[in-house]
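Q: This is the content of protein37.cif (mmCIF, C-alpha atoms, pLDDT in the B column; chains and numbers go by the auth columns):
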```
data_query
loop_
_atom_site.group_PDB
_atom_site.id
_atom_site.type_symbol
_atom_site.label_atom_id
_atom_site.label_comp_id
_atom_site.label_asym_id
_atom_site.label_seq_id
_atom_site.Cartn_x
_atom_site.Cartn_y
_atom_site.Cartn_z
_atom_site.B_iso_or_equiv
_atom_site.auth_seq_id
_atom_site.auth_asym_id
ATOM 1 C CA MET A 1 30.258 93.652 48.773 50.00 1 A
ATOM 2 C CA ALA A 2 28.586 96.481 46.819 52.00 2 A
ATOM 3 C CA HIS A 3 30.453 98.675 44.337 55.00 3 A
ATOM 4 C CA PHE A 4 28.787 102.052 44.687 59.00 4 A
ATOM 5 C CA GLY A 5 29.350 103.088 41.060 60.00 5 A
ATOM 6 C CA ILE A 6 32.941 104.102 41.763 60.00 6 A
ATOM 7 C CA GLN A 7 35.035 103.889 38.642 59.00 7 A
ATOM 8 C CA ALA A 8 38.818 103.769 38.580 61.00 8 A
ATOM 9 C CA LEU A 9 40.557 106.654 36.858 61.00 9 A
ATOM 10 C CA PRO A 10 42.286 105.798 33.590 70.00 10 A
ATOM 11 C CA GLN A 11 46.033 105.258 33.628 81.00 11 A
ATOM 12 C CA LEU A 12 47.571 108.521 32.407 85.00 12 A
ATOM 13 C CA PRO A 13 51.063 109.026 31.031 87.00 13 A
ATOM 14 C CA PRO A 14 53.491 111.265 32.942 85.00 14 A
ATOM 15 C CA GLY A 15 52.686 114.928 32.381 82.00 15 A
ATOM 16 C CA GLN A 16 49.034 114.345 31.419 86.00 16 A
ATOM 17 C CA THR A 17 46.821 116.150 33.926 81.00 17 A
ATOM 18 C CA ASP A 18 43.516 116.563 32.097 86.00 18 A
ATOM 19 C CA VAL A 19 41.614 113.291 32.421 90.00 19 A
ATOM 20 C CA GLN A 20 38.671 114.447 30.265 92.00 20 A
ATOM 21 C CA SER A 21 40.941 115.517 27.380 91.00 21 A
ATOM 22 C CA TRP A 22 42.714 112.163 27.558 93.00 22 A
ATOM 23 C CA LEU A 23 39.418 110.235 27.502 93.00 23 A
ATOM 24 C CA ASN A 24 38.184 112.348 24.579 94.00 24 A
ATOM 25 C CA ALA A 25 41.442 111.707 22.689 94.00 25 A
ATOM 26 C CA LYS A 26 41.161 107.965 23.324 93.00 26 A
ATOM 27 C CA ALA A 27 37.557 107.963 22.079 95.00 27 A
ATOM 28 C CA ASN A 28 38.646 109.800 18.893 95.00 28 A
ATOM 29 C CA ASN A 29 41.657 107.503 18.290 95.00 29 A
ATOM 30 C CA TRP A 30 44.146 110.365 18.670 94.00 30 A
ATOM 31 C CA ILE A 31 46.451 108.339 20.921 93.00 31 A
ATOM 32 C CA VAL A 32 49.390 106.711 19.144 91.00 32 A
ATOM 33 C CA ASP A 33 51.502 106.008 22.227 91.00 33 A
ATOM 34 C CA ASP A 34 49.902 105.535 25.678 90.00 34 A
ATOM 35 C CA LYS A 35 53.181 106.489 27.354 90.00 35 A
ATOM 36 C CA VAL A 36 53.258 110.141 26.230 90.00 36 A
ATOM 37 C CA PRO A 37 50.796 112.926 27.044 92.00 37 A
ATOM 38 C CA LEU A 38 48.377 114.534 24.635 93.00 38 A
ATOM 39 C CA THR A 39 49.471 117.590 22.652 93.00 39 A
ATOM 40 C CA GLN A 40 47.824 120.732 23.965 90.00 40 A
ATOM 41 C CA VAL A 41 47.600 123.835 21.762 92.00 41 A
ATOM 42 C CA PHE A 42 46.835 127.303 23.107 93.00 42 A
ATOM 43 C CA TYR A 43 46.350 130.482 21.083 93.00 43 A
ATOM 44 C CA LEU A 44 47.623 132.985 23.636 92.00 44 A
ATOM 45 C CA ASP A 45 46.851 136.379 22.194 93.00 45 A
ATOM 46 C CA LYS A 46 45.745 138.097 19.037 94.00 46 A
ATOM 47 C CA VAL A 47 46.553 141.265 17.177 93.00 47 A
ATOM 48 C CA THR A 48 44.233 143.311 14.961 93.00 48 A
ATOM 49 C CA LEU A 49 45.801 144.784 11.836 88.00 49 A
ATOM 50 C CA THR A 50 44.428 147.186 9.270 86.00 50 A
ATOM 51 C CA PRO A 51 46.113 146.956 5.878 80.00 51 A
ATOM 52 C CA PRO A 52 47.343 150.257 4.438 76.00 52 A
ATOM 53 C CA CYS A 53 45.438 149.599 1.220 76.00 53 A
ATOM 54 C CA ASP A 54 42.091 149.224 3.018 79.00 54 A
ATOM 55 C CA ASN A 55 41.703 151.321 6.157 80.00 55 A
ATOM 56 C CA LEU A 56 38.077 150.227 6.594 83.00 56 A
ATOM 57 C CA THR A 57 38.909 146.544 7.150 86.00 57 A
ATOM 58 C CA ASN A 58 40.439 144.940 10.230 89.00 58 A
ATOM 59 C CA HIS A 59 41.847 141.421 10.321 89.00 59 A
ATOM 60 C CA VAL A 60 42.612 139.460 13.469 91.00 60 A
ATOM 61 C CA PHE A 61 45.726 137.281 13.636 91.00 61 A
ATOM 62 C CA THR A 62 47.066 135.000 16.327 94.00 62 A
ATOM 63 C CA ARG A 63 50.192 136.649 17.665 92.00 63 A
ATOM 64 C CA ARG A 64 51.443 133.810 19.875 92.00 64 A
ATOM 65 C CA MET A 65 50.682 130.104 19.945 92.00 65 A
ATOM 66 C CA LEU A 66 51.894 127.620 22.541 92.00 66 A
ATOM 67 C CA ALA A 67 52.099 123.868 21.957 91.00 67 A
ATOM 68 C CA PHE A 68 52.824 122.282 25.325 89.00 68 A
ATOM 69 C CA PRO A 69 53.566 119.481 25.346 90.00 69 A
ATOM 70 C CA LEU A 70 54.022 118.761 21.656 91.00 70 A
ATOM 71 C CA THR A 71 53.898 114.981 21.215 92.00 71 A
ATOM 72 C CA ILE A 72 52.794 112.348 18.733 92.00 72 A
ATOM 73 C CA ASN A 73 49.382 112.178 20.435 94.00 73 A
ATOM 74 C CA GLY A 74 46.692 114.601 19.343 94.00 74 A
ATOM 75 C CA PRO A 75 44.072 115.357 16.712 94.00 75 A
ATOM 76 C CA ALA A 76 44.977 115.229 13.066 93.00 76 A
ATOM 77 C CA GLY A 77 46.000 118.552 11.595 94.00 77 A
ATOM 78 C CA SER A 78 44.578 119.832 8.338 95.00 78 A
ATOM 79 C CA GLN A 79 45.333 121.886 5.255 94.00 79 A
ATOM 80 C CA PRO A 80 44.177 125.535 5.341 93.00 80 A
ATOM 81 C CA ASP A 81 40.430 125.871 4.991 89.00 81 A
ATOM 82 C CA GLY A 82 40.749 129.043 2.873 84.00 82 A
ATOM 83 C CA LYS A 83 38.121 130.885 4.926 87.00 83 A
ATOM 84 C CA SER A 84 40.268 133.489 6.683 86.00 84 A
ATOM 85 C CA SER A 85 39.054 137.000 5.863 83.00 85 A
ATOM 86 C CA TRP A 86 42.564 138.173 4.963 83.00 86 A
ATOM 87 C CA TRP A 87 43.083 135.221 2.611 83.00 87 A
ATOM 88 C CA THR A 88 39.879 135.615 0.646 79.00 88 A
ATOM 89 C CA LYS A 89 40.278 139.382 0.285 77.00 89 A
ATOM 90 C CA TYR A 90 44.014 139.953 -0.346 73.00 90 A
ATOM 91 C CA PHE A 91 46.023 136.801 -0.907 72.00 91 A
ATOM 92 C CA ASN A 92 43.933 134.228 -2.753 65.00 92 A
ATOM 93 C CA THR A 93 45.390 134.104 -6.279 61.00 93 A
ATOM 94 C CA MET A 94 41.940 133.555 -7.788 59.00 94 A
ATOM 95 C CA ALA A 95 40.677 136.818 -6.254 55.00 95 A
ATOM 96 C CA THR A 96 43.769 139.019 -6.533 55.00 96 A
ATOM 97 C CA GLY A 97 45.669 137.902 -9.621 57.00 97 A
ATOM 98 C CA HIS A 98 48.923 137.477 -7.631 57.00 98 A
ATOM 99 C CA ALA A 99 51.481 135.139 -9.135 56.00 99 A
ATOM 100 C CA LYS A 100 50.595 131.545 -8.386 60.00 100 A
ATOM 101 C CA ARG A 101 51.818 130.536 -4.917 63.00 101 A
ATOM 102 C CA ALA A 102 53.392 133.911 -4.163 75.00 102 A
ATOM 103 C CA TRP A 103 51.533 133.783 -0.849 80.00 103 A
ATOM 104 C CA VAL A 104 50.370 130.820 1.199 86.00 104 A
ATOM 105 C CA GLN A 105 48.415 130.326 4.383 90.00 105 A
ATOM 106 C CA GLY A 106 51.187 129.425 6.819 92.00 106 A
ATOM 107 C CA HIS A 107 50.452 127.232 9.831 94.00 107 A
ATOM 108 C CA LEU A 108 51.735 128.405 13.210 94.00 108 A
ATOM 109 C CA LEU A 109 51.652 124.722 14.204 94.00 109 A
ATOM 110 C CA ASN A 110 52.400 122.496 11.205 93.00 110 A
ATOM 111 C CA HIS A 111 49.477 120.413 9.961 93.00 111 A
ATOM 112 C CA HIS A 112 51.552 117.206 10.195 91.00 112 A
ATOM 113 C CA ILE A 113 51.807 117.665 13.973 91.00 113 A
ATOM 114 C CA HIS A 114 48.214 118.533 14.933 94.00 114 A
ATOM 115 C CA GLY A 115 47.953 122.051 13.450 94.00 115 A
ATOM 116 C CA PRO A 116 44.430 122.796 12.255 95.00 116 A
ATOM 117 C CA GLY A 117 43.854 124.712 9.015 95.00 117 A
ATOM 118 C CA ILE A 118 41.718 127.358 10.713 95.00 118 A
ATOM 119 C CA ALA A 119 42.171 131.126 10.960 92.00 119 A
ATOM 120 C CA ASP A 120 43.524 130.946 14.545 94.00 120 A
ATOM 121 C CA ASN A 121 46.457 128.821 13.333 96.00 121 A
ATOM 122 C CA LEU A 122 47.186 130.567 10.003 94.00 122 A
ATOM 123 C CA VAL A 123 49.094 133.660 8.902 91.00 123 A
ATOM 124 C CA PRO A 124 49.934 135.022 5.440 88.00 124 A
ATOM 125 C CA ILE A 125 53.477 134.078 4.504 89.00 125 A
ATOM 126 C CA THR A 126 55.383 133.969 1.246 87.00 126 A
ATOM 127 C CA ASP A 127 55.736 130.569 -0.353 88.00 127 A
ATOM 128 C CA GLN A 128 59.523 130.956 -0.287 91.00 128 A
ATOM 129 C CA LEU A 129 59.634 131.668 3.467 93.00 129 A
ATOM 130 C CA ASN A 130 57.223 128.805 4.096 93.00 130 A
ATOM 131 C CA ARG A 131 59.599 126.414 2.285 93.00 131 A
ATOM 132 C CA ILE A 132 62.555 127.700 4.335 94.00 132 A
ATOM 133 C CA MET A 133 60.600 127.159 7.569 92.00 133 A
ATOM 134 C CA GLU A 134 59.754 123.617 6.446 92.00 134 A
ATOM 135 C CA LYS A 135 63.367 122.761 5.644 92.00 135 A
ATOM 136 C CA TRP A 136 65.097 124.292 8.671 91.00 136 A
ATOM 137 C CA ALA A 137 62.558 123.971 11.471 90.00 137 A
ATOM 138 C CA GLU A 138 59.369 122.054 10.804 90.00 138 A
ATOM 139 C CA SER A 139 60.954 118.931 9.312 91.00 139 A
ATOM 140 C CA VAL A 140 63.297 118.605 12.307 90.00 140 A
ATOM 141 C CA VAL A 141 60.417 118.857 14.775 89.00 141 A
ATOM 142 C CA LYS A 142 58.188 116.487 12.770 88.00 142 A
ATOM 143 C CA ASP A 143 60.949 113.853 12.651 89.00 143 A
ATOM 144 C CA ALA A 144 61.559 114.152 16.383 88.00 144 A
ATOM 145 C CA ILE A 145 57.843 113.857 17.182 87.00 145 A
ATOM 146 C CA LEU A 146 57.612 110.692 15.070 82.00 146 A
ATOM 147 C CA LYS A 147 60.494 109.300 17.143 82.00 147 A
ATOM 148 C CA ARG A 148 58.398 109.944 20.256 73.00 148 A
ATOM 149 C CA ALA A 149 60.209 113.043 21.488 63.00 149 A
ATOM 150 C CA THR A 150 58.188 115.574 23.463 61.00 150 A
ATOM 151 C CA PHE A 151 58.605 119.303 22.824 60.00 151 A
ATOM 152 C CA SER A 152 57.226 122.536 24.086 53.00 152 A
ATOM 153 C CA SER A 153 57.333 125.422 21.661 47.00 153 A
ATOM 154 C CA THR A 154 56.044 128.937 21.168 46.00 154 A
ATOM 155 C CA ARG A 155 55.882 130.653 17.821 47.00 155 A
#
```
Can you present the structure in this file as structure tokens?

A:
Amino acid sequence: MAHFGIQALPQLPPGQTDVQSWLNAKANNWIVDDKVPLTQVFYLDKVTLTPPCDNLTNHVFTRRMLAFPLTINGPAGSQPDGKSSWWTKYFNTMATGHAKRAWVQGHLLNHHIHGPGIADNLVPITDQLNRIMEKWAESVVKDAILKRATFSSTR
């Protein structure tokens, strides 16, 4: 009996609907647990802001990000790349002379749970507020993800 090149679809976890994303994640070793779906991150909309000190320059920021579902499976996150236009011009301590670590590049989705260090996922935030967010929100979510919980979150 001939097999006309028909290939069985991969076994997908509940909630995973995008076969190609799953296959790509498997090929890149982003899957930790075959029983939970792949984290999907969407940058929903952006806002353009002009700083009062420089009315000739516009900077684009992500206004809303959606991680749905947020699971242990997904690409590795990364530290900020330092290339955002707002960072290099106003907040980088080397360029501005601000007190060391007064400002940081804050992740909308934490880099320990798949958040890339790119402009779409970064906003300027004070170091102090970033530490508060880590203590009261991010650490709780990171711990739950490591325990195989699945979340959906907007920020």

Q: Could you state the separation of atom CA of A:Phe61 and atom CA of A:Asn28 in Å, given to one decimal place?

A: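 Separation of atom CA of A:Phe61 and atom CA of A:Asn28: 28.9 Å.
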
Q: Can you measure atom CA of A:Leu109 to atom CA of A:Gln11 for me? One decimal in Å is fine.

A: 28.1 Å

Q: Taking the file above as input, evaluate the PyMOL selection byres ((chain A and resi 58) around 10) and report the hits as a PDB file with C-alpha atoms, keeping the file's coordinate frame.

A:
```pdb
ATOM      1  CA  VAL A  47      46.553 141.265  17.177  1.00 93.00           C
ATOM      2  CA  THR A  48      44.233 143.311  14.961  1.00 93.00           C
ATOM      3  CA  LEU A  49      45.801 144.784  11.836  1.00 88.00           C
ATOM      4  CA  THR A  50      44.428 147.186   9.270  1.00 86.00           C
ATOM      5  CA  PRO A  51      46.113 146.956   5.878  1.00 80.00           C
ATOM      6  CA  ASP A  54      42.091 149.224   3.018  1.00 79.00           C
ATOM      7  CA  ASN A  55      41.703 151.321   6.157  1.00 80.00           C
ATOM      8  CA  LEU A  56      38.077 150.227   6.594  1.00 83.00           C
ATOM      9  CA  THR A  57      38.909 146.544   7.150  1.00 86.00           C
ATOM     10  CA  HIS A  59      41.847 141.421  10.321  1.00 89.00           C
ATOM     11  CA  VAL A  60      42.612 139.460  13.469  1.00 91.00           C
ATOM     12  CA  PHE A  61      45.726 137.281  13.636  1.00 91.00           C
ATOM     13  CA  SER A  85      39.054 137.000   5.863  1.00 83.00           C
ATOM     14  CA  TRP A  86      42.564 138.173   4.963  1.00 83.00           C
TER      15      TRP A  86
END
```

Q: Go through A:Trp103, A:Ala67, A:Ser84, A:Thr62 and flag the residue nearest A:Asn121, using all atoms listed in the file for the distances.

A: A:Thr62

Q: For a test of reading the model, state the distance in Å between atom CA of A:Lys89 and atom CA of A:Ile125, rounded to one decimal.

A: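 The value is 14.8 Å.
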
Q: Would you list the contacts of A:His107 as a ChimeraX atom specification, taking every protein, DNA or RNA residue within 10 Å and counting all atoms listed in the file, but skipping same-chain residues closer than 2 positions in sequence?

A: /A:77-80,104-105,109-111,115-125,130

Q: Could you write out the selected residues, including C-alpha atoms, as an mmCIF file, keeping the file's coordinate frame?

A:
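What follows is the written file selection-v7.cif:
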```cif
data_model
loop_
_atom_site.group_PDB
_atom_site.id
_atom_site.type_symbol
_atom_site.label_atom_id
_atom_site.label_comp_id
_atom_site.auth_asym_id
_atom_site.auth_seq_id
_atom_site.Cartn_x
_atom_site.Cartn_y
_atom_site.Cartn_z
ATOM 1 C CA GLY A 77 46.000 118.552 11.595
ATOM 2 C CA SER A 78 44.578 119.832 8.338
ATOM 3 C CA GLN A 79 45.333 121.886 5.255
ATOM 4 C CA PRO A 80 44.177 125.535 5.341
ATOM 5 C CA VAL A 104 50.370 130.820 1.199
ATOM 6 C CA GLN A 105 48.415 130.326 4.383
ATOM 7 C CA LEU A 109 51.652 124.722 14.204
ATOM 8 C CA ASN A 110 52.400 122.496 11.205
ATOM 9 C CA HIS A 111 49.477 120.413 9.961
ATOM 10 C CA GLY A 115 47.953 122.051 13.450
ATOM 11 C CA PRO A 116 44.430 122.796 12.255
ATOM 12 C CA GLY A 117 43.854 124.712 9.015
ATOM 13 C CA ILE A 118 41.718 127.358 10.713
ATOM 14 C CA ALA A 119 42.171 131.126 10.960
ATOM 15 C CA ASP A 120 43.524 130.946 14.545
ATOM 16 C CA ASN A 121 46.457 128.821 13.333
ATOM 17 C CA LEU A 122 47.186 130.567 10.003
ATOM 18 C CA VAL A 123 49.094 133.660 8.902
ATOM 19 C CA PRO A 124 49.934 135.022 5.440
ATOM 20 C CA ILE A 125 53.477 134.078 4.504
ATOM 21 C CA ASN A 130 57.223 128.805 4.096
#
```

Q: The PyMOL selection byres ((chain A and resi 113) around 12) - which residues does that actually catch in the file I just gave you? List them as a PyMOL selection string.

A: chain A and resi 30+38-41+67+69-79+107-112+114-117+138-146+148+150-151

Q: Find the residue from A:Gly82, A:Arg131, A:Ala102, A:Gln16 that sits nearest to A:Phe68; use all atoms listed in the file when measuring.

A: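 Closest candidate: A:Gln16.
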
Q: Find, counting all atoms listed in the file, the residue in A:Pro14, A:Leu23, A:Gly106, A:Leu66 that gets nearest to A:Asp81.

A: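 Closest to A:Asp81 of all the choices is A:Gly106.
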